[in-house]
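Asker: This is my_file05.txt, which holds compact mmCIF, C-alpha atoms:
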```
# COMPACT_ATOMS: atom_id res chain seq x y z
CA SER A 1 4.60 14.36 -18.65
CA ASP A 2 7.92 15.33 -20.16
CA HIS A 3 9.71 12.81 -17.95
CA GLY A 4 7.40 9.97 -18.93
CA ARG A 5 6.85 9.09 -15.28
CA TYR A 6 3.13 9.67 -15.06
CA ALA A 7 1.51 9.34 -18.49
CA LEU A 8 1.28 5.67 -19.48
CA PRO A 9 0.48 5.12 -23.20
CA TRP A 10 -2.20 2.51 -23.86
CA LYS A 11 0.24 0.20 -25.70
CA HIS A 12 2.63 0.31 -22.77
CA GLU A 13 -0.34 -0.23 -20.51
CA ALA A 14 -1.38 -3.38 -22.38
CA VAL A 15 2.17 -4.76 -22.57
CA SER A 16 2.70 -4.03 -18.88
CA GLY A 17 -0.53 -5.82 -17.96
CA LEU A 18 0.29 -8.91 -20.01
CA PHE A 19 3.90 -9.07 -18.83
CA ASN A 20 2.80 -8.55 -15.23
CA LEU A 21 0.27 -11.37 -15.66
CA PHE A 22 2.87 -13.72 -17.15
CA VAL A 23 5.33 -13.10 -14.32
CA ALA A 24 2.64 -13.40 -11.62
CA ALA A 25 1.26 -16.62 -13.13
CA THR A 26 4.77 -18.07 -13.39
CA MET A 27 5.53 -17.12 -9.78
CA ASN A 28 2.27 -18.49 -8.41
CA GLY A 29 2.48 -21.70 -10.41
CA LEU A 30 6.08 -22.43 -9.43
CA SER A 31 5.39 -21.49 -5.80
CA VAL A 32 2.50 -23.95 -5.66
CA LEU A 33 4.60 -26.73 -7.21
CA ILE A 34 7.46 -26.04 -4.79
CA GLY A 35 4.99 -25.96 -1.89
CA LEU A 36 3.46 -29.30 -2.86
CA TRP A 37 6.88 -30.86 -3.34
CA ALA A 38 8.07 -29.44 -0.02
CA ALA A 39 4.97 -30.74 1.72
CA LYS A 40 5.68 -34.25 0.51
CA LEU A 41 9.32 -33.95 1.51
CA LEU A 42 8.88 -32.32 4.92
CA GLY A 43 6.17 -34.54 6.35
CA THR A 44 2.71 -33.78 7.60
CA ALA A 45 3.48 -32.21 10.99
CA GLU A 46 6.16 -29.88 9.60
CA VAL A 47 3.82 -28.71 6.84
CA GLY A 48 1.36 -27.63 9.53
CA SER A 49 4.14 -25.81 11.36
CA LEU A 50 5.18 -24.06 8.14
CA GLN A 51 1.63 -22.94 7.35
CA LEU A 52 1.24 -21.51 10.84
CA ALA A 53 4.52 -19.64 10.39
CA ARG A 54 3.30 -18.14 7.11
CA THR A 55 0.05 -17.12 8.83
CA ILE A 56 1.98 -15.25 11.53
CA LEU A 57 3.99 -13.46 8.85
CA GLY A 58 0.67 -12.41 7.33
CA TYR A 59 -0.50 -10.96 10.66
CA LEU A 60 2.61 -8.79 10.79
CA THR A 61 1.48 -6.92 7.68
CA ILE A 62 -0.79 -4.80 9.93
CA LEU A 63 2.21 -3.18 11.64
CA PRO A 64 2.70 -0.31 9.12
CA LEU A 65 -0.77 0.78 10.38
CA GLY A 66 -2.07 1.82 6.98
CA VAL A 67 0.70 4.34 6.30
CA THR A 68 1.39 2.60 2.98
CA VAL A 69 -2.24 3.20 1.94
CA ALA A 70 -1.94 6.93 2.67
CA VAL A 71 1.42 7.14 0.90
CA SER A 72 -0.04 5.46 -2.19
CA TYR A 73 -2.70 8.19 -2.16
CA GLU A 74 -0.56 11.27 -1.45
CA LEU A 75 2.62 10.49 -3.38
CA PRO A 76 0.97 10.65 -6.86
CA ILE A 77 -0.50 14.05 -5.93
CA ALA A 78 2.89 15.40 -4.87
CA LEU A 79 4.51 14.05 -8.04
CA ALA A 80 1.78 15.51 -10.25
CA ARG A 81 2.32 18.91 -8.64
CA GLU A 82 6.07 18.45 -9.19
CA ASP A 83 6.53 19.27 -5.52
CA GLU A 84 9.73 17.34 -4.86
CA ASP A 85 9.97 18.54 -1.25
CA GLU A 86 6.50 17.18 -0.47
CA ALA A 87 7.26 13.93 -2.30
CA ARG A 88 10.46 13.56 -0.26
CA LYS A 89 8.53 14.03 2.97
CA VAL A 90 5.94 11.43 1.94
CA ARG A 91 8.65 8.89 1.06
CA GLY A 92 10.57 9.76 4.22
CA ILE A 93 7.56 9.05 6.45
CA LEU A 94 7.16 5.67 4.74
CA ILE A 95 10.82 4.75 5.35
CA ALA A 96 10.66 5.89 8.99
CA THR A 97 7.53 3.79 9.50
CA LEU A 98 9.09 0.70 7.91
CA ALA A 99 12.19 1.10 10.09
CA PHE A 100 10.00 1.21 13.22
CA VAL A 101 8.05 -1.84 12.04
CA CYS A 102 11.28 -3.78 11.50
CA LEU A 103 12.40 -2.95 15.03
CA VAL A 104 9.11 -4.23 16.48
CA GLN A 105 9.32 -7.40 14.40
CA ALA A 106 12.91 -8.09 15.47
CA ILE A 107 12.13 -7.63 19.20
CA THR A 108 9.00 -9.81 18.96
CA MET A 109 10.78 -12.66 17.20
CA VAL A 110 13.75 -12.58 19.58
CA VAL A 111 11.36 -12.84 22.56
CA LEU A 112 9.53 -15.79 20.94
CA GLU A 113 12.84 -17.47 20.15
CA GLY A 114 14.04 -17.02 23.72
CA ALA A 115 10.77 -18.41 25.09
CA GLY A 116 11.05 -21.47 22.84
CA ILE A 117 7.50 -21.10 21.51
CA SER A 118 6.63 -23.99 19.20
CA LEU A 119 4.45 -24.08 16.12
CA ASN A 120 2.25 -27.15 15.81
CA GLY A 121 4.28 -28.80 18.53
CA LEU A 122 7.57 -28.33 16.66
CA PHE A 123 10.47 -26.08 17.63
CA PHE A 124 13.99 -25.81 16.31
CA HIS A 125 16.65 -23.34 17.35
CA GLY A 126 16.70 -20.31 15.11
CA GLN A 127 13.22 -20.73 13.59
CA TRP A 128 11.92 -17.42 14.97
CA LEU A 129 15.15 -15.65 14.02
CA LEU A 130 14.77 -16.90 10.45
CA MET A 131 11.17 -15.70 10.48
CA ALA A 132 12.40 -12.33 11.74
CA VAL A 133 14.70 -12.05 8.73
CA VAL A 134 11.88 -13.00 6.35
CA SER A 135 9.42 -10.54 7.91
CA ILE A 136 11.92 -7.66 8.00
CA LEU A 137 12.89 -8.15 4.35
CA ALA A 138 9.20 -8.46 3.40
CA THR A 139 8.58 -5.15 5.18
CA TRP A 140 11.36 -3.40 3.25
CA SER A 141 10.00 -4.81 -0.01
CA ILE A 142 7.00 -2.51 0.49
CA PHE A 143 9.06 0.59 -0.37
CA PRO A 144 10.15 -0.33 -3.92
CA SER A 145 6.76 -1.94 -4.60
CA VAL A 146 4.89 1.26 -3.75
CA LEU A 147 7.25 3.37 -5.85
CA PHE A 148 7.11 1.03 -8.85
CA VAL A 149 3.33 1.28 -8.91
CA THR A 150 3.27 5.03 -8.20
CA HIS A 151 5.70 5.72 -11.06
CA GLU A 152 3.87 3.20 -13.27
CA GLN A 153 7.08 1.16 -13.72
CA PHE A 154 5.38 -2.20 -14.13
CA ILE A 155 8.09 -3.81 -16.24
CA ARG A 156 10.62 -3.15 -13.49
CA LEU A 157 8.16 -4.47 -10.92
CA ALA A 158 7.75 -7.69 -12.91
CA LEU A 159 11.52 -8.08 -13.33
CA CYS A 160 12.02 -7.70 -9.57
CA ARG A 161 9.39 -10.38 -9.00
CA LEU A 162 11.32 -12.69 -11.30
CA ALA A 163 14.49 -11.86 -9.39
CA ARG A 164 12.67 -12.92 -6.25
CA ILE A 165 11.25 -16.24 -7.40
CA ALA A 166 14.32 -17.56 -9.24
CA PRO A 167 16.69 -17.78 -6.23
CA PHE A 168 13.84 -19.01 -4.03
CA ILE A 169 13.16 -21.98 -6.32
CA ILE A 170 16.82 -22.87 -6.75
CA LEU A 171 17.60 -22.61 -3.03
CA ALA A 172 14.41 -24.41 -2.03
CA LEU A 173 15.37 -27.37 -4.21
CA LEU A 174 18.83 -27.41 -2.62
CA LEU A 175 18.08 -26.57 1.02
CA ILE A 176 14.75 -28.23 1.86
CA PRO A 177 16.05 -31.82 1.42
CA ALA A 178 18.96 -31.04 3.74
CA TRP A 179 17.47 -28.60 6.28
CA GLY A 180 13.71 -29.13 6.12
CA MET A 181 11.70 -26.16 7.35
CA ARG A 182 14.91 -24.21 8.04
CA GLY A 183 15.77 -24.56 4.37
CA PHE A 184 12.34 -23.35 3.29
CA LEU A 185 12.57 -20.24 5.48
CA ALA A 186 16.15 -19.59 4.39
CA ALA A 187 15.11 -19.80 0.72
CA MET A 188 12.25 -17.37 1.40
CA ALA A 189 14.61 -14.95 3.15
CA ILE A 190 17.21 -14.96 0.37
CA GLY A 191 14.60 -14.65 -2.40
CA THR A 192 12.94 -11.70 -0.64
CA GLY A 193 16.36 -10.18 0.00
CA VAL A 194 17.18 -10.28 -3.71
CA TYR A 195 13.88 -8.54 -4.48
CA VAL A 196 14.61 -5.82 -1.92
CA GLY A 197 18.16 -5.36 -3.21
CA VAL A 198 17.14 -5.07 -6.86
CA GLY A 199 14.14 -2.88 -6.02
CA LEU A 200 16.19 -0.48 -3.90
CA ALA A 201 18.83 -0.34 -6.63
CA PHE A 202 16.15 0.88 -9.05
CA GLN A 203 14.79 3.35 -6.48
CA ALA A 204 18.04 4.41 -4.80
CA ARG A 205 17.54 8.11 -5.56
CA GLU A 206 14.15 7.99 -3.85
CA LEU A 207 15.60 6.95 -0.48
CA CYS A 208 15.26 9.62 2.19
CA TRP A 209 14.31 10.09 5.83
CA HIS A 210 11.64 12.35 7.27
CA TRP A 211 9.68 12.29 10.49
CA ASN A 212 6.72 14.38 11.54
CA ALA A 213 4.40 12.99 14.20
CA ALA A 214 1.37 14.99 13.04
CA ARG A 215 1.78 13.84 9.43
CA TRP A 216 2.34 10.23 10.52
CA TRP A 217 -0.82 10.27 12.65
CA ARG A 218 -2.79 11.74 9.73
CA TYR A 219 -1.57 8.89 7.53
CA VAL A 220 -2.50 6.31 10.17
CA LYS A 221 -6.04 7.68 10.51
CA PHE A 222 -6.39 7.59 6.72
CA GLY A 223 -5.13 4.07 6.07
CA LEU A 224 -5.61 2.10 9.28
CA PRO A 225 -9.27 1.14 8.63
CA VAL A 226 -8.21 -0.51 5.37
CA ARG A 227 -5.44 -2.49 7.06
CA ILE A 228 -7.70 -3.52 9.96
CA ASN A 229 -10.18 -4.83 7.42
CA ALA A 230 -7.41 -6.85 5.75
CA LEU A 231 -6.21 -8.18 9.12
CA LEU A 232 -9.72 -9.24 10.15
CA PHE A 233 -10.13 -11.05 6.84
CA LEU A 234 -6.80 -12.83 7.40
CA ILE A 235 -7.82 -13.84 10.92
CA LEU A 236 -11.20 -15.02 9.67
CA THR A 237 -9.56 -17.25 7.06
CA SER A 238 -6.87 -18.64 9.39
CA VAL A 239 -8.56 -19.14 12.75
CA ASP A 240 -9.70 -22.62 11.70
CA LEU A 241 -6.07 -23.70 11.27
CA TRP A 242 -5.27 -22.62 14.84
CA LEU A 243 -8.32 -24.48 16.16
CA VAL A 244 -7.31 -27.66 14.32
CA SER A 245 -3.80 -27.32 15.74
CA ALA A 246 -5.12 -26.85 19.28
CA TYR A 247 -7.71 -29.65 19.32
CA LEU A 248 -6.89 -32.23 16.64
CA GLY A 249 -3.12 -32.55 16.87
CA ARG A 250 -0.03 -32.18 14.70
CA GLU A 251 -0.86 -34.64 11.93
CA ALA A 252 -4.39 -33.30 11.38
CA THR A 253 -2.98 -29.75 11.23
CA GLY A 254 -0.55 -30.79 8.54
CA VAL A 255 -3.26 -32.43 6.43
CA TYR A 256 -5.48 -29.37 6.84
CA ALA A 257 -2.59 -27.03 5.98
CA PHE A 258 -1.94 -29.01 2.80
CA ALA A 259 -5.61 -28.65 1.85
CA ILE A 260 -5.34 -24.90 2.47
CA MET A 261 -2.29 -24.67 0.18
CA VAL A 262 -4.10 -26.40 -2.68
CA SER A 263 -7.42 -24.57 -2.29
CA THR A 264 -5.68 -21.19 -1.94
CA ALA A 265 -3.82 -21.79 -5.20
CA VAL A 266 -7.11 -22.54 -6.98
CA TYR A 267 -8.81 -19.54 -5.39
CA THR A 268 -6.08 -17.01 -6.20
CA LEU A 269 -5.67 -18.00 -9.86
CA PRO A 270 -8.73 -16.19 -11.32
CA ARG A 271 -8.49 -13.31 -8.86
CA GLY A 272 -4.77 -12.89 -9.50
CA THR A 273 -5.31 -12.95 -13.26
CA LEU A 274 -7.81 -10.10 -13.13
CA THR A 275 -5.76 -8.12 -10.63
CA GLU A 276 -2.49 -8.31 -12.56
CA LEU A 277 -4.14 -7.47 -15.88
CA ALA A 278 -6.00 -4.51 -14.40
CA LEU A 279 -3.17 -3.09 -12.27
CA PRO A 280 -1.64 -0.78 -14.93
CA THR A 281 -5.07 0.48 -15.99
CA LEU A 282 -6.20 1.13 -12.42
CA THR A 283 -2.94 2.88 -11.59
CA LYS A 284 -3.21 5.06 -14.67
CA SER A 285 -6.73 6.11 -13.69
CA PHE A 286 -5.64 6.70 -10.11
CA GLY A 287 -2.70 8.81 -11.30
CA LYS A 288 -5.04 10.87 -13.50
CA ALA A 289 -7.32 11.51 -10.54
CA GLY A 290 -4.28 12.51 -8.50
CA ARG A 291 -3.17 14.99 -11.14
CA GLU A 292 -6.65 16.52 -11.29
CA LEU A 293 -6.74 16.75 -7.50
CA ALA A 294 -3.28 18.32 -7.52
CA ALA A 295 -4.51 20.96 -9.96
CA GLY A 296 -7.38 21.74 -7.60
CA ASN A 297 -5.01 22.01 -4.66
CA GLU A 298 -2.82 24.42 -6.60
CA LEU A 299 -5.87 26.62 -7.29
CA ILE A 300 -6.78 26.75 -3.63
CA LYS A 301 -3.20 27.28 -2.55
CA PHE A 302 -2.74 30.43 -4.61
CA GLN A 303 -6.30 31.82 -4.44
CA ARG A 304 -5.76 33.59 -1.13
CA VAL A 305 -8.75 35.61 0.09
CA ASP A 306 -9.12 38.10 2.93
CA LEU A 307 -12.64 37.31 4.12
CA GLY A 308 -12.85 40.72 5.73
CA ASN A 309 -12.20 42.52 2.45
CA GLU A 310 -15.42 42.91 0.47
CA ASP A 311 -13.67 43.47 -2.85
CA GLU A 312 -11.64 40.29 -2.46
CA VAL A 313 -14.72 38.30 -1.45
CA VAL A 314 -16.63 39.52 -4.50
CA ALA A 315 -13.69 38.77 -6.79
CA ALA A 316 -13.25 35.30 -5.31
CA THR A 317 -16.96 34.62 -5.73
CA ALA A 318 -16.63 35.58 -9.38
CA VAL A 319 -13.80 33.05 -9.70
CA LEU A 320 -16.06 30.35 -8.25
CA VAL A 321 -18.83 31.32 -10.70
CA LYS A 322 -16.42 31.02 -13.62
CA THR A 323 -15.09 27.74 -12.27
CA ALA A 324 -18.62 26.38 -12.12
CA GLU A 325 -19.38 27.56 -15.64
CA ASP A 326 -16.17 26.02 -17.02
CA ALA A 327 -17.06 22.74 -15.35
CA GLY A 328 -20.59 22.85 -16.75
CA GLU A 329 -22.11 23.10 -13.28
CA SER A 330 -24.56 25.65 -11.94
CA ILE A 331 -23.33 28.04 -9.30
CA ASP A 332 -25.98 26.57 -6.99
CA THR A 333 -24.20 23.20 -7.22
CA VAL A 334 -20.89 24.80 -6.31
CA ILE A 335 -21.96 27.21 -3.60
CA CYS A 336 -24.92 25.57 -1.87
CA ASN A 337 -22.62 22.82 -0.59
CA ALA A 338 -21.73 25.32 2.13
CA GLY A 339 -25.31 25.28 3.32
CA ILE A 340 -26.81 28.46 1.86
CA SER A 341 -27.31 29.37 -1.79
CA CYS A 342 -26.27 32.92 -2.61
CA SER A 343 -27.41 32.82 -6.23
CA GLY A 344 -30.61 34.76 -5.51
CA GLY A 345 -32.63 32.14 -3.69
CA PHE A 346 -32.90 34.13 -0.44
CA PRO A 347 -34.87 37.38 0.18
CA HIS A 348 -32.86 40.50 -0.58
CA THR A 349 -31.66 42.19 2.59
CA ASP A 350 -29.31 45.02 3.30
CA TRP A 351 -25.86 44.94 1.72
CA GLU A 352 -23.97 44.15 4.92
CA THR A 353 -26.16 41.13 5.64
CA GLU A 354 -25.80 39.90 2.06
CA MET A 355 -22.02 40.27 2.19
CA GLN A 356 -21.95 38.37 5.50
CA VAL A 357 -23.88 35.52 3.88
CA MET A 358 -21.45 35.55 0.94
CA ARG A 359 -18.49 35.43 3.30
CA ILE A 360 -19.99 32.46 5.15
CA ASN A 361 -20.64 30.63 1.89
CA LEU A 362 -17.23 31.39 0.45
CA HIS A 363 -15.39 30.38 3.61
CA GLY A 364 -17.45 27.21 3.93
CA HIS A 365 -16.95 26.33 0.29
CA LEU A 366 -13.17 26.85 0.43
CA ARG A 367 -13.00 24.62 3.49
CA LEU A 368 -15.18 22.00 1.84
CA LEU A 369 -13.20 22.04 -1.39
```
Let me see the file written as structure tokens.

Answerer:
Amino acid sequence: SDHGRYALPWKHEAVSGLFNLFVAATMNGLSVLIGLWAAKLLGTAEVGSLQLARTILGYLTILPLGVTVAVSYELPIALAREDEDEARKVRGILIATLAFVCLVQAITMVVLEGAGISLNGLFFHGQWLLMAVVSILATWSIFPSVLFVTHEQFIRLALCRLARIAPFIILALLLIPAWGMRGFLAAMAIGTGVYVGVGLAFQARELCWHWNAARWWRYVKFGLPVRINALLFLILTSVDLWLVSAYLGREATGVYAFAIMVSTAVYTLPRGTLTELALPTLTKSFGKAGRELAAGNELIKFQRVDLGNEDEVVAATAVLVKTAEDAGESIDTVICNAGISCSGGFPHTDWETEMQVMRINLHGHLRLL
């Protein structure tokens, strides 16, 4: 496009993929090293407690209820149509959802803190409040992340990731020896906060508020199955840690958590490499599909037909015939999706009956399309 927001040249695509890969590999590698060093420093039981805390933070990712999935689908279409009002509404629903999620997270963590719930038999004052800060900041990091990918701004995304990992590493080295698990959570909170701050600075003009219950529910129905699938996978891969904690004790949980940290690092390396390299290419293809879909929506939006007006029905049918020809498809392929082919495959009847069949087909096809 003229603004350079949607069309990603192949050279930029390659550079973005490689730079994204470099940043992700650096982040993952340093995170693993910090985690191993912290595990040695904290002690076995506290490592188990920390891994359980990170698992709970993972469970909280279900709270946006798939709205982010729907936004990632609809926002590129609105941008491709250059419908700024629709794009604002899509972004506004996302912000309203994230605000609600943050409220739920804050209330939950305050209740757990007040109840003195321990993790792996360990409890210190303020641990759930620190986790609340981490989870809330992680929730707000969704907004700039979605917009970076939607606008194909992968260099900015990688720079924000660097801005996140650098303070985390520095603060972890300083705070963990003095504060233990508190220091680790504090370093996570500050690092995530830097990412959110830098990301929102890049996307400040995109901030807006919009609420519509019908639209929100449509987004939930669209994206919730994906998020439920992700949550079930997370539960499946973490339930063993909870069982070890419940039946084998604190020390065994810590040893098992350490094994999980190492094996997860090995497992995510090849998958992460492919994902980060492919992200710009996949996003470009997704954006292209969105632009094509937007063009189709524009056609339907402005091709208004009075189904009771025979002349309009005939003219609209002619448009569908031409559309099929331009696409290299037969009119049977286009029309018979409605259930009845009106290209001559049925016995000729009186004109009124034939027009009624055409109306049914046209109406069905417009709804289907």

Asker: Can you tell me which residues surround region 141-151 of chain A at a distance of at most 9 Å, considering all atoms listed in the file, apart from same-chain residues fewer than 3 positions away, and format the answer as an MDAnalysis selection string?

Answerer: chainID A and resid 5:6 68 71:72 75:76 79 91 94:95 98 136:138 154:157 192:193 195:200 202:203 206 279:280 283 287

Asker: Report, in Å with one decimal, the straight-line distance from CA of Ala252 (chain A) to CA of Ala53 (chain A).

Answerer: 16.3 Å

Asker: Neighbours of Ser118 (chain A) within 12 Å (only C-alpha atoms; same-chain residues fewer than 2 positions away dropped), as a list in words?

Answerer: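 Surrounding residues, per the criterion: Glu46, Gly48, Ser49, Leu50, Leu52, Ala53, Leu112, Glu113, Gly114, Ala115, Gly116, Asn120, Gly121, Leu122, Phe123, Phe124, His125, Gly126, Gln127, Trp128, Ser245 and Arg250 of chain A.
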
Asker: Restricting the calculation to only C-alpha atoms, which member of A:Glu86, A:Glu74, A:Glu312, A:Glu251 is positioned closest to Thr44 (chain A)?

Answerer: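 Comparing A:Glu86, A:Glu74, A:Glu312, A:Glu251 against Thr44 (chain A), the winner is A:Glu251.
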
Asker: Pick out the residues sitting within 12 Å of Ser238 (chain A), and hand them over as a VMD selection string; count all atoms listed in the file, and ignore anything fewer than 3 positions along from it in its own chain.

Answerer: chain A and resid 51 to 56 58 to 59 231 to 235 241 to 245 253 256 to 257 260 to 261 264

Asker: Suppose you want the space between CA of Leu175 (chain A) and CA of Val101 (chain A); what is it in Å?

Answerer: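 Computing the Euclidean distance for CA of Leu175 (chain A) and CA of Val101 (chain A) yields 28.9 Å.
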
Asker: Which of these residues is nearest to Glu84 (chain A), using only C-alpha atoms: A:Ala315, A:Cys208, A:Leu185, A:Ala96?

Answerer: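 So, comparing all the options, the nearest one is A:Cys208.
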
Asker: Between CA of Val110 (chain A) and CA of Thr97 (chain A), what distance in Å does the model show, to one decimal?

Answerer: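 Rounded to one decimal, the two atoms are 20.2 Å apart.
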
Asker: Using only C-alpha atoms, pick whichever of A:Asn309, A:Thr139, A:Ser263, A:Asn229 has the shortest atom-to-atom distance to Leu63 (chain A).

Answerer: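 Comparing A:Asn309, A:Thr139, A:Ser263, A:Asn229 against Leu63 (chain A), the winner is A:Thr139.
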